[in-house]
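A.B. asks: So here's query-v9.txt (compact mmCIF, C-alpha atoms).
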# COMPACT_ATOMS: atom_id res chain seq x y z
CA MET A 150 36.87 52.99 65.88
CA PRO A 151 38.64 53.42 69.23
CA ASP A 152 41.92 55.25 68.76
CA ASN A 153 43.85 53.11 71.19
CA PHE A 154 43.74 50.18 68.79
CA GLN A 155 46.24 52.14 66.72
CA THR A 156 48.34 52.59 69.85
CA LEU A 157 48.08 48.85 70.47
CA LEU A 158 49.00 47.87 66.95
CA ASN A 159 52.03 50.15 67.01
CA HIS A 160 53.49 47.45 69.24
CA TYR A 161 52.98 44.77 66.61
CA ASN A 162 56.29 43.76 65.07
CA PRO A 163 56.23 41.17 62.34
CA PRO A 164 59.61 39.59 61.61
CA GLU A 165 62.10 41.66 59.65
CA ALA A 166 63.07 40.70 56.14
CA PRO A 167 66.42 38.85 56.03
CA ASP A 168 69.42 41.12 55.39
CA ASN A 169 70.32 39.58 52.06
CA LEU A 170 66.80 39.56 50.60
CA PHE A 171 67.30 42.85 48.79
CA ASN A 172 70.47 41.55 47.12
CA LYS A 173 68.69 38.34 46.10
CA ILE A 174 65.90 40.34 44.46
CA ILE A 175 68.33 42.59 42.58
CA ALA A 176 70.45 39.61 41.51
CA ARG A 177 67.37 37.86 40.13
CA ILE A 178 66.30 40.95 38.20
CA ASN A 179 69.80 41.48 36.83
CA LYS A 180 70.00 37.85 35.77
CA ARG A 181 66.74 38.13 33.86
CA GLN A 182 67.83 41.38 32.21
CA ARG A 183 71.07 39.72 31.17
CA MET A 184 69.25 36.73 29.68
CA LEU A 185 66.88 39.05 27.81
CA ALA A 186 69.80 41.08 26.48
CA ILE A 187 71.58 37.91 25.30
CA SER A 188 68.50 36.58 23.54
CA ARG A 189 67.96 39.95 21.87
CA VAL A 190 71.58 40.04 20.73
CA ILE A 191 71.08 36.64 19.10
CA VAL A 192 67.81 37.61 17.44
CA PHE A 193 69.04 40.96 16.14
CA SER A 194 72.33 39.47 14.97
CA LEU A 195 70.38 36.97 12.91
CA SER A 196 68.08 39.62 11.47
CA LEU A 197 71.09 41.85 10.70
CA LEU A 198 72.80 38.98 8.93
CA GLY A 199 69.60 38.02 7.14
CA SER A 200 69.04 41.57 5.91
CA LEU A 201 72.65 41.77 4.68
CA VAL A 202 72.30 38.49 2.79
CA ALA A 203 68.98 39.57 1.28
CA ALA A 204 70.16 43.09 0.41
CA TRP A 205 72.43 42.15 -2.47
CA PRO A 206 70.03 40.09 -4.59
CA ILE A 207 67.23 42.57 -3.96
CA PHE A 208 69.47 45.48 -4.91
CA SER A 209 70.46 43.65 -8.07
CA ALA A 210 66.79 43.06 -8.86
CA VAL A 211 66.06 46.76 -8.32
CA LYS A 212 68.85 47.69 -10.76
CA ILE A 213 67.52 45.31 -13.40
CA GLU A 214 63.94 46.53 -12.97
CA PHE A 215 65.06 50.15 -13.28
CA VAL A 216 66.73 49.34 -16.56
CA ASN A 217 63.79 47.31 -17.89
CA SER A 218 61.11 49.77 -16.78
CA GLY A 219 62.30 52.60 -19.02
CA PHE A 220 62.46 54.96 -16.06
CA LEU A 221 65.99 56.07 -16.86
CA GLN A 222 65.09 56.73 -20.47
CA PHE A 223 62.11 58.86 -19.44
CA LEU A 224 64.25 60.72 -16.94
CA SER A 225 66.87 61.50 -19.55
CA LEU A 226 64.22 63.45 -21.51
CA ALA A 227 64.45 66.11 -18.78
CA PHE A 228 67.96 66.84 -20.04
CA SER A 229 67.45 66.40 -23.75
CA ASP A 230 63.98 67.97 -24.30
CA PHE A 231 63.64 70.28 -21.37
CA GLU A 232 61.18 72.67 -23.03
CA VAL A 233 58.82 69.84 -23.95
CA ILE A 234 59.02 68.55 -20.38
CA ILE A 235 58.10 71.96 -19.03
CA THR A 236 55.04 72.10 -21.28
CA TYR A 237 53.83 68.62 -20.42
CA TRP A 238 55.29 68.42 -16.89
CA GLN A 239 52.22 66.75 -15.39
CA SER A 240 52.25 63.89 -17.90
CA PHE A 241 56.00 63.60 -17.48
CA ILE A 242 55.76 63.20 -13.73
CA LEU A 243 52.94 60.67 -14.07
CA THR A 244 54.94 58.68 -16.59
CA LEU A 245 57.98 58.68 -14.33
CA LEU A 246 55.91 57.49 -11.39
CA GLU A 247 54.22 54.76 -13.40
CA SER A 248 57.52 53.45 -14.65
CA LEU A 249 59.08 53.25 -11.19
CA PRO A 250 59.63 49.63 -10.07
CA ALA A 251 57.66 50.34 -6.92
CA ILE A 252 57.51 46.85 -5.49
CA SER A 253 61.21 46.12 -5.69
CA ILE A 254 62.00 49.61 -4.33
CA ALA A 255 59.62 48.99 -1.42
CA LEU A 256 61.25 45.61 -0.79
CA PHE A 257 64.70 47.11 -0.84
CA LEU A 258 63.68 49.90 1.55
CA LEU A 259 62.16 47.27 3.86
CA ILE A 260 65.47 45.40 3.92
CA VAL A 261 67.31 48.64 4.67
CA PHE A 262 64.83 49.40 7.45
CA ILE A 263 65.29 45.94 8.95
CA PHE A 264 69.05 46.31 8.73
CA MET A 265 69.09 49.71 10.43
CA GLY A 266 66.63 48.62 13.12
CA SER A 267 68.58 45.43 13.84
CA LEU A 268 71.82 47.36 14.05
CA ARG A 269 70.30 49.86 16.45
CA PHE A 270 68.82 47.27 18.82
CA LEU A 271 71.90 45.08 18.56
CA THR A 272 74.23 47.88 19.68
CA LYS A 273 71.79 48.88 22.44
CA ASN A 274 71.69 45.34 23.85
CA ILE A 275 75.45 44.79 23.51
CA LYS A 276 75.90 48.03 25.43
CA ALA A 277 73.48 46.78 28.09
CA LEU A 278 75.40 43.50 28.39
CA THR A 279 78.76 45.18 28.74
CA ASN A 280 77.46 47.80 31.15
CA LYS A 281 77.79 46.66 34.79
CA ASN A 282 74.71 48.65 35.81
CA ILE A 283 72.15 47.14 33.50
CA LEU A 284 69.56 49.74 32.58
CA ALA A 285 65.77 49.43 32.37
CA ASN A 286 64.47 46.83 29.92
CA MET B 259 66.17 60.80 44.99
CA GLU B 260 65.35 59.17 48.31
CA ASN B 261 62.61 61.74 48.91
CA TYR B 262 60.97 61.13 45.56
CA ALA B 263 57.40 59.87 45.49
CA ASP B 264 56.82 56.35 44.18
CA GLU B 265 55.63 57.63 40.82
CA GLN B 266 58.73 59.80 40.42
CA LEU B 267 61.02 56.89 41.21
CA LEU B 268 59.14 54.73 38.75
CA GLU B 269 59.46 57.39 36.05
CA SER B 270 63.18 57.75 36.78
CA TYR B 271 63.71 54.02 36.55
CA LEU B 272 61.87 53.77 33.23
CA ASN B 273 64.10 56.59 31.99
CA GLY B 274 67.20 54.57 32.83
CA GLU B 275 68.03 55.41 36.45
CA LYS B 276 68.74 52.02 37.99
CA GLU B 277 69.17 53.55 41.44
CA ALA B 278 65.47 54.47 41.40
CA LEU B 279 64.49 50.78 41.30
CA ASP B 280 66.83 50.03 44.19
CA LEU B 281 65.16 52.77 46.25
CA LEU B 282 61.66 51.54 45.40
CA ILE B 283 62.51 48.00 46.44
CA LYS B 284 64.20 49.14 49.66
CA ARG B 285 61.21 51.31 50.49
CA TYR B 286 58.74 48.44 50.29
CA LEU B 287 60.84 45.41 51.18
CA LYS B 288 60.03 45.40 54.89
CA PRO B 289 56.30 46.20 54.49
CA ILE B 290 55.82 43.61 51.77
CA PHE B 291 57.71 40.96 53.71
CA GLY B 292 55.67 41.77 56.81
CA PHE B 293 52.44 41.58 54.84
CA VAL B 294 53.35 38.27 53.24
CA PHE B 295 54.46 36.91 56.58
CA SER B 296 51.14 37.93 58.13
CA TYR B 297 49.57 35.64 55.54
CA ILE B 298 52.00 32.75 55.49
CA LYS B 299 53.51 32.75 58.98
CA ASN B 300 56.70 31.15 57.74
CA SER B 301 59.86 33.23 57.21
CA GLU B 302 61.40 31.03 54.56
CA ASP B 303 58.25 30.91 52.45
CA ALA B 304 57.64 34.63 53.03
CA GLU B 305 61.15 35.33 51.71
CA GLU B 306 60.52 33.32 48.56
CA ILE B 307 57.12 34.93 47.99
CA THR B 308 58.49 38.42 48.58
CA GLN B 309 61.19 37.78 46.00
CA ASP B 310 58.60 36.52 43.51
CA ALA B 311 56.32 39.50 44.18
CA PHE B 312 59.04 42.07 43.51
CA PHE B 313 60.17 40.17 40.44
CA LYS B 314 56.62 40.11 39.05
CA ALA B 315 56.23 43.81 39.82
CA TRP B 316 59.48 44.57 37.98
CA LYS B 317 58.36 42.55 34.93
CA ASN B 318 55.13 44.55 34.77
CA LEU B 319 56.42 48.03 35.59
CA LYS B 320 55.81 49.29 32.08
CA LYS B 321 52.19 48.17 32.25
CA PHE B 322 51.53 49.90 35.58
CA ASP B 323 48.72 52.43 35.34
CA LYS B 324 50.25 55.67 36.60
CA GLU B 325 46.82 57.00 37.56
CA LYS B 326 46.67 54.39 40.33
CA SER B 327 48.58 53.98 43.57
CA PHE B 328 51.87 52.14 43.18
CA LYS B 329 51.75 51.00 46.80
CA THR B 330 48.30 49.43 46.39
CA TRP B 331 49.37 47.76 43.15
CA LEU B 332 52.51 46.31 44.72
CA PHE B 333 50.65 44.92 47.73
CA SER B 334 48.03 43.46 45.41
CA ILE B 335 50.78 41.60 43.53
CA ALA B 336 52.21 40.37 46.83
CA LYS B 337 48.83 39.09 47.92
CA ASN B 338 48.19 37.26 44.66
CA THR B 339 51.69 35.80 44.72
CA ALA B 340 51.10 34.53 48.25
CA LEU B 341 47.80 32.95 47.22
CA ASP B 342 49.38 31.30 44.17
CA PHE B 343 52.12 29.94 46.39
CA LEU B 344 49.62 28.50 48.83
CA LYS B 345 47.53 26.97 46.06
CA LYS B 346 50.54 25.16 44.68
CA LYS B 347 52.49 24.22 47.75
CA LYS B 348 50.03 24.27 50.63
CA PRO B 349 46.62 23.53 49.17
CA LEU B 350 45.13 22.56 52.52
CA LEU B 351 46.14 25.86 54.08
CA PHE B 352 44.91 27.73 51.01
CA SER B 353 41.57 25.98 51.25
CA ALA B 354 41.29 26.78 54.95
CA ILE B 355 42.05 30.44 54.35
CA GLU B 356 39.51 30.74 51.55
CA LYS B 357 36.78 29.13 53.64
CA ASP B 358 37.65 30.96 56.83
CA GLU B 359 35.10 33.72 57.01
CA LYS B 360 32.60 33.82 59.82
CA GLU B 361 30.22 36.02 58.02
CA ASN B 362 28.73 37.51 55.68
CA SER B 363 27.40 39.68 58.47
CA ILE B 364 26.34 43.17 57.67
CA ILE B 365 28.68 45.63 59.32
CA GLY B 366 25.80 47.15 61.24
CA GLU B 367 25.16 43.83 62.97
CA ILE B 368 28.66 43.66 64.41
CA PRO B 369 28.90 45.54 67.68
CA GLU B 370 31.24 48.50 67.81
CA PRO B 371 34.23 47.42 69.88
CA SER B 372 34.80 49.38 73.02
CA PRO B 373 38.13 51.07 73.71
CA LEU B 374 40.89 48.90 75.07
CA PRO B 375 41.45 49.09 78.79
CA ASP B 376 44.72 50.76 79.76
CA GLU B 377 45.70 47.53 81.50
CA ILE B 378 46.30 45.90 78.13
CA LEU B 379 48.28 48.81 76.77
CA ASN B 380 50.43 48.97 79.89
CA ARG B 381 51.52 45.35 79.90
CA ALA B 382 55.27 44.94 80.09
CA ASP B 383 55.46 42.25 77.43
CA LEU B 384 52.84 43.73 75.17
CA THR B 385 54.86 43.30 71.96
CA SER B 386 55.39 39.56 72.36
CA GLU B 387 51.81 39.06 73.58
CA LEU B 388 50.51 41.01 70.64
CA ASN B 389 52.64 39.06 68.16
CA LEU B 390 51.28 35.81 69.60
CA ALA B 391 47.74 37.15 69.54
CA MET B 392 48.09 38.17 65.91
CA ASP B 393 49.31 34.67 65.09
CA LYS B 394 46.07 33.30 66.49
CA LEU B 395 43.90 35.49 64.30
CA SER B 396 42.67 34.10 61.02
CA PRO B 397 44.87 35.16 58.05
CA LYS B 398 42.12 37.30 56.54
CA TYR B 399 41.71 39.26 59.76
CA ARG B 400 45.43 39.51 60.23
CA GLU B 401 45.95 40.97 56.76
CA VAL B 402 43.31 43.66 57.28
CA ILE B 403 44.83 44.62 60.63
CA PHE B 404 48.28 44.76 59.09
CA LEU B 405 47.22 46.84 56.10
CA TYR B 406 45.09 49.25 58.13
CA TYR B 407 47.25 49.81 61.19
CA LYS B 408 50.80 49.08 60.05
CA GLU B 409 50.67 50.28 56.45
CA GLN B 410 48.02 53.00 56.96
CA PHE B 411 45.84 51.94 54.03
CA ASN B 412 42.27 53.17 54.30
CA PHE B 413 39.35 50.76 53.90
CA ARG B 414 38.74 51.74 50.31
CA GLU B 415 42.35 51.03 49.37
CA ILE B 416 42.23 47.70 51.21
CA SER B 417 39.01 46.85 49.40
CA GLU B 418 40.69 47.57 46.06
CA LEU B 419 43.86 45.71 46.99
CA LEU B 420 42.06 42.59 48.20
CA ASN B 421 39.36 42.87 45.56
CA GLU B 422 36.62 42.61 48.16
CA PRO B 423 33.57 44.81 48.75
CA LEU B 424 34.14 47.78 51.04
CA ASP B 425 31.56 46.61 53.58
CA THR B 426 33.22 43.21 53.75
CA ILE B 427 36.52 44.86 54.62
CA LYS B 428 34.89 47.04 57.26
CA SER B 429 33.10 44.11 58.85
CA ARG B 430 36.23 42.00 58.68
CA HIS B 431 38.17 44.78 60.40
CA ARG B 432 35.62 45.08 63.14
CA ARG B 433 35.54 41.34 63.74
CA ALA B 434 39.34 41.27 63.69
CA ILE B 435 39.75 43.76 66.49
CA ILE B 436 36.96 42.09 68.50
CA ASP B 437 38.76 38.75 68.14
CA LEU B 438 42.10 40.35 68.94
CA ARG B 439 40.72 41.88 72.06
CA GLU B 440 39.22 38.57 73.18
CA ILE B 441 42.58 36.87 72.71
CA LEU B 442 44.38 39.57 74.69
CA ASP B 443 41.73 39.49 77.41
CA ALA B 444 41.85 35.71 77.73
CA PRO B 445 43.57 34.47 80.89
CA LYS B 446 47.13 33.40 80.23
CA GLU B 447 47.87 29.68 80.42
CA GLU B 448 50.01 28.78 83.39
CA GLY B 449 53.22 27.32 82.16
Would you mind writing the file out in structure tokens?
C.D. replies:
Amino acid sequence: MPDNFQTLLNHYNPPEAPDNLFNKIIARINKRQRMLAISRVIVFSLSLLGSLVAAWPIFSAVKIEFVNSGFLQFLSLAFSDFEVIITYWQSFILTLLESLPAISIALFLLIVFIFMGSLRFLTKNIKALTNKNILAN
Amino acid sequence: MENYADEQLLESYLNGEKEALDLLIKRYLKPIFGFVFSYIKNSEDAEEITQDAFFKAWKNLKKFDKEKSFKTWLFSIAKNTALDFLKKKKPLLFSAIEKDEKENSIIGEIPEPSPLPDEILNRADLTSELNLAMDKLSPKYREVIFLYYKEQFNFREISELLNEPLDTIKSRHRRAIIDLREILDAPKEEG
């Protein structure tokens, strides 16, 4: 292709972008980031509150199930009949594991996980909202 | 940071450096606006589309494939945003642009354009003449000229950006500069 077409097209000047276009773009992005941060604060506040409300009854249920399962009684054997436990340690461990109220423990850990996660994301988004230079989403 | 490559700026931004996004936008604001304008030929609409294009790019930054060219990706978004705008707000113009293709000639059938005479290059008002001539080109020709000569994309990159076969881009380019030359060669209307 003839080289002087490049020379010709070097003279082509499309209109310049308006001076304030950059600021408009940044303002629009910042506005969206702000809205996202606000909606996340709402969502994570609700999940934090929900996990707090759910934690107490679940914890109470875990306590009751521990008592009813016999786990504590089995565990106390480790202190009262230590030599027997040493001899039959495999059966002892299996018995302990079987008596664990696994489902309620799992549920409680889930609530704790939700609580910690909500707290983490809530503080991150509150920080983003209060920070003048909003960081990447 | 101003000398960082696009990919480095992108990485910095995703790691929390807001300034990196500012630099990326500043780097491509004029080229993207110029490209959109070459399509739309209206400053107000081009401003709106440019804003939308950068906003869409920002929303999808995390999904950007770092193996690919950021520049090509950004221009591709700008092009699609311009087309969406036309479809919604100027359907007649959109329809005309989509239909406006003189070919599908094979590139080999289009004569190789000869070099421009020096007379054209030496014209005193070449810039304004050229701007007017570019306005007369069809939008598809204008965009290829802009991408190839102003933004220094190669044909393969243009083909990827516009999602058209490579030979189509080459033939479109050749036709574009033939048409451009004819417009510049045409006798001026006496005013």
A.B. asks: Please compute the atom CA of A:Ser253-atom CA of A:Val211 distance, one decimal, in Å.
C.D. replies: 5.6 Å
A.B. asks: List as an MDAnalysis selection string the residues having at least one atom at most 10 Å from position (72.5, 46.6, 19.7) as given in the file, counting all atoms listed in the file.
C.D. replies: chainID A and resid 186 189:190 193:194 266:278
A.B. asks: What is the distance, in Å and to one decimal place, between atom CA of B:Ala391 and atom CA of B:Leu344?
C.D. replies: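 Result for atom CA of B:Ala391 versus atom CA of B:Leu344: 22.5 Å, one decimal.
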A.B. asks: So how many Å separate atom CA of B:Ser396 and atom CA of B:Lys314, to one decimal?
C.D. replies: 26.7 Å
A.B. asks: With a distance threshold of 7 Å and counting only C-alpha atoms, extract the residues of chain B near chain A and express them as a list in words.
C.D. replies: Tyr271, Leu272, Gly274, Lys276, Lys288, Phe291, Gly292, Gln309, Phe313, Ser372, Pro373, Leu374, Leu379, Thr385, Leu388, Asn389 and Tyr407 of chain B
A.B. asks: Please provide the set of residues having any atom within 10 Å of A:Phe223, restricted to all atoms listed in the file, with same-chain residues fewer than 2 positions apart removed, written as a PDB file with C-alpha atoms, keeping the file's coordinate frame.
C.D. replies:
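Saved result, result_23.pdb, follows:
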ATOM      1  CA  SER A 218      61.110  49.770 -16.780  1.00  0.00           C
ATOM      2  CA  GLY A 219      62.300  52.600 -19.020  1.00  0.00           C
ATOM      3  CA  PHE A 220      62.460  54.960 -16.060  1.00  0.00           C
ATOM      4  CA  LEU A 221      65.990  56.070 -16.860  1.00  0.00           C
ATOM      5  CA  SER A 225      66.870  61.500 -19.550  1.00  0.00           C
ATOM      6  CA  LEU A 226      64.220  63.450 -21.510  1.00  0.00           C
ATOM      7  CA  ALA A 227      64.450  66.110 -18.780  1.00  0.00           C
ATOM      8  CA  PHE A 228      67.960  66.840 -20.040  1.00  0.00           C
ATOM      9  CA  PHE A 241      56.000  63.600 -17.480  1.00  0.00           C
ATOM     10  CA  ILE A 242      55.760  63.200 -13.730  1.00  0.00           C
ATOM     11  CA  THR A 244      54.940  58.680 -16.590  1.00  0.00           C
ATOM     12  CA  LEU A 245      57.980  58.680 -14.330  1.00  0.00           C
ATOM     13  CA  SER A 248      57.520  53.450 -14.650  1.00  0.00           C
TER      14      SER A 248
END
A.B. asks: Would you mind telling me which residue in B:Lys394, B:Glu277, B:Glu401, B:Trp331 lies nearest to B:Glu440 when using all atoms listed in the file?
C.D. replies: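 Among the listed residues, the smallest separation from B:Glu440 belongs to B:Lys394.
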A.B. asks: Report as a list in words all protein, DNA and RNA residues lying within 12 Å of B:Asn421, evaluated on all atoms listed in the file, omitting residues in the same chain fewer than 3 positions from it.
C.D. replies: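 In the requested format, the answer is Thr330, Trp331, Phe333, Ser334, Ile335, Lys337, Asn338, Phe413, Arg414, Glu415, Ile416, Ser417, Glu418, Leu424, Asp425, Thr426 and Ile427 of chain B.
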A.B. asks: Just to be explicit: take each residue in the selection above, keep C-alpha atoms, and write the result as a short mmCIF file (atom, residue, chain, number, x, y, z; two decimals), in the coordinates of the input.
C.D. replies:
data_model
loop_
_atom_site.label_atom_id
_atom_site.label_comp_id
_atom_site.auth_asym_id
_atom_site.auth_seq_id
_atom_site.Cartn_x
_atom_site.Cartn_y
_atom_site.Cartn_z
CA THR B 330 48.30 49.43 46.39
CA TRP B 331 49.37 47.76 43.15
CA PHE B 333 50.65 44.92 47.73
CA SER B 334 48.03 43.46 45.41
CA ILE B 335 50.78 41.60 43.53
CA LYS B 337 48.83 39.09 47.92
CA ASN B 338 48.19 37.26 44.66
CA PHE B 413 39.35 50.76 53.90
CA ARG B 414 38.74 51.74 50.31
CA GLU B 415 42.35 51.03 49.37
CA ILE B 416 42.23 47.70 51.21
CA SER B 417 39.01 46.85 49.40
CA GLU B 418 40.69 47.57 46.06
CA LEU B 424 34.14 47.78 51.04
CA ASP B 425 31.56 46.61 53.58
CA THR B 426 33.22 43.21 53.75
CA ILE B 427 36.52 44.86 54.62
#
A.B. asks: May I have the centre and edge lengths, in Å to one decimal, of an axis-aligned box around the listed atoms of stretch 265-271 of chain B with 3 Å added to every side, as lines of an AutoDock Vina configuration file?
C.D. replies:
center_x = 59.7
center_y = 56.9
center_z = 38.6
size_x = 14.1
size_y = 11.8
size_z = 11.2
A.B. asks: With all atoms listed in the file as the basis for distance, which of B:Leu405, B:Ala311, B:Leu395, B:Leu287 is at the shortest distance from B:Ala434?
C.D. replies: B:Leu395
A.B. asks: Of the residues B:Lys398, B:Lys317, B:Val294, B:Phe328, which is the one nearest to B:Gln266, using all atoms listed in the file?
C.D. replies: B:Phe328
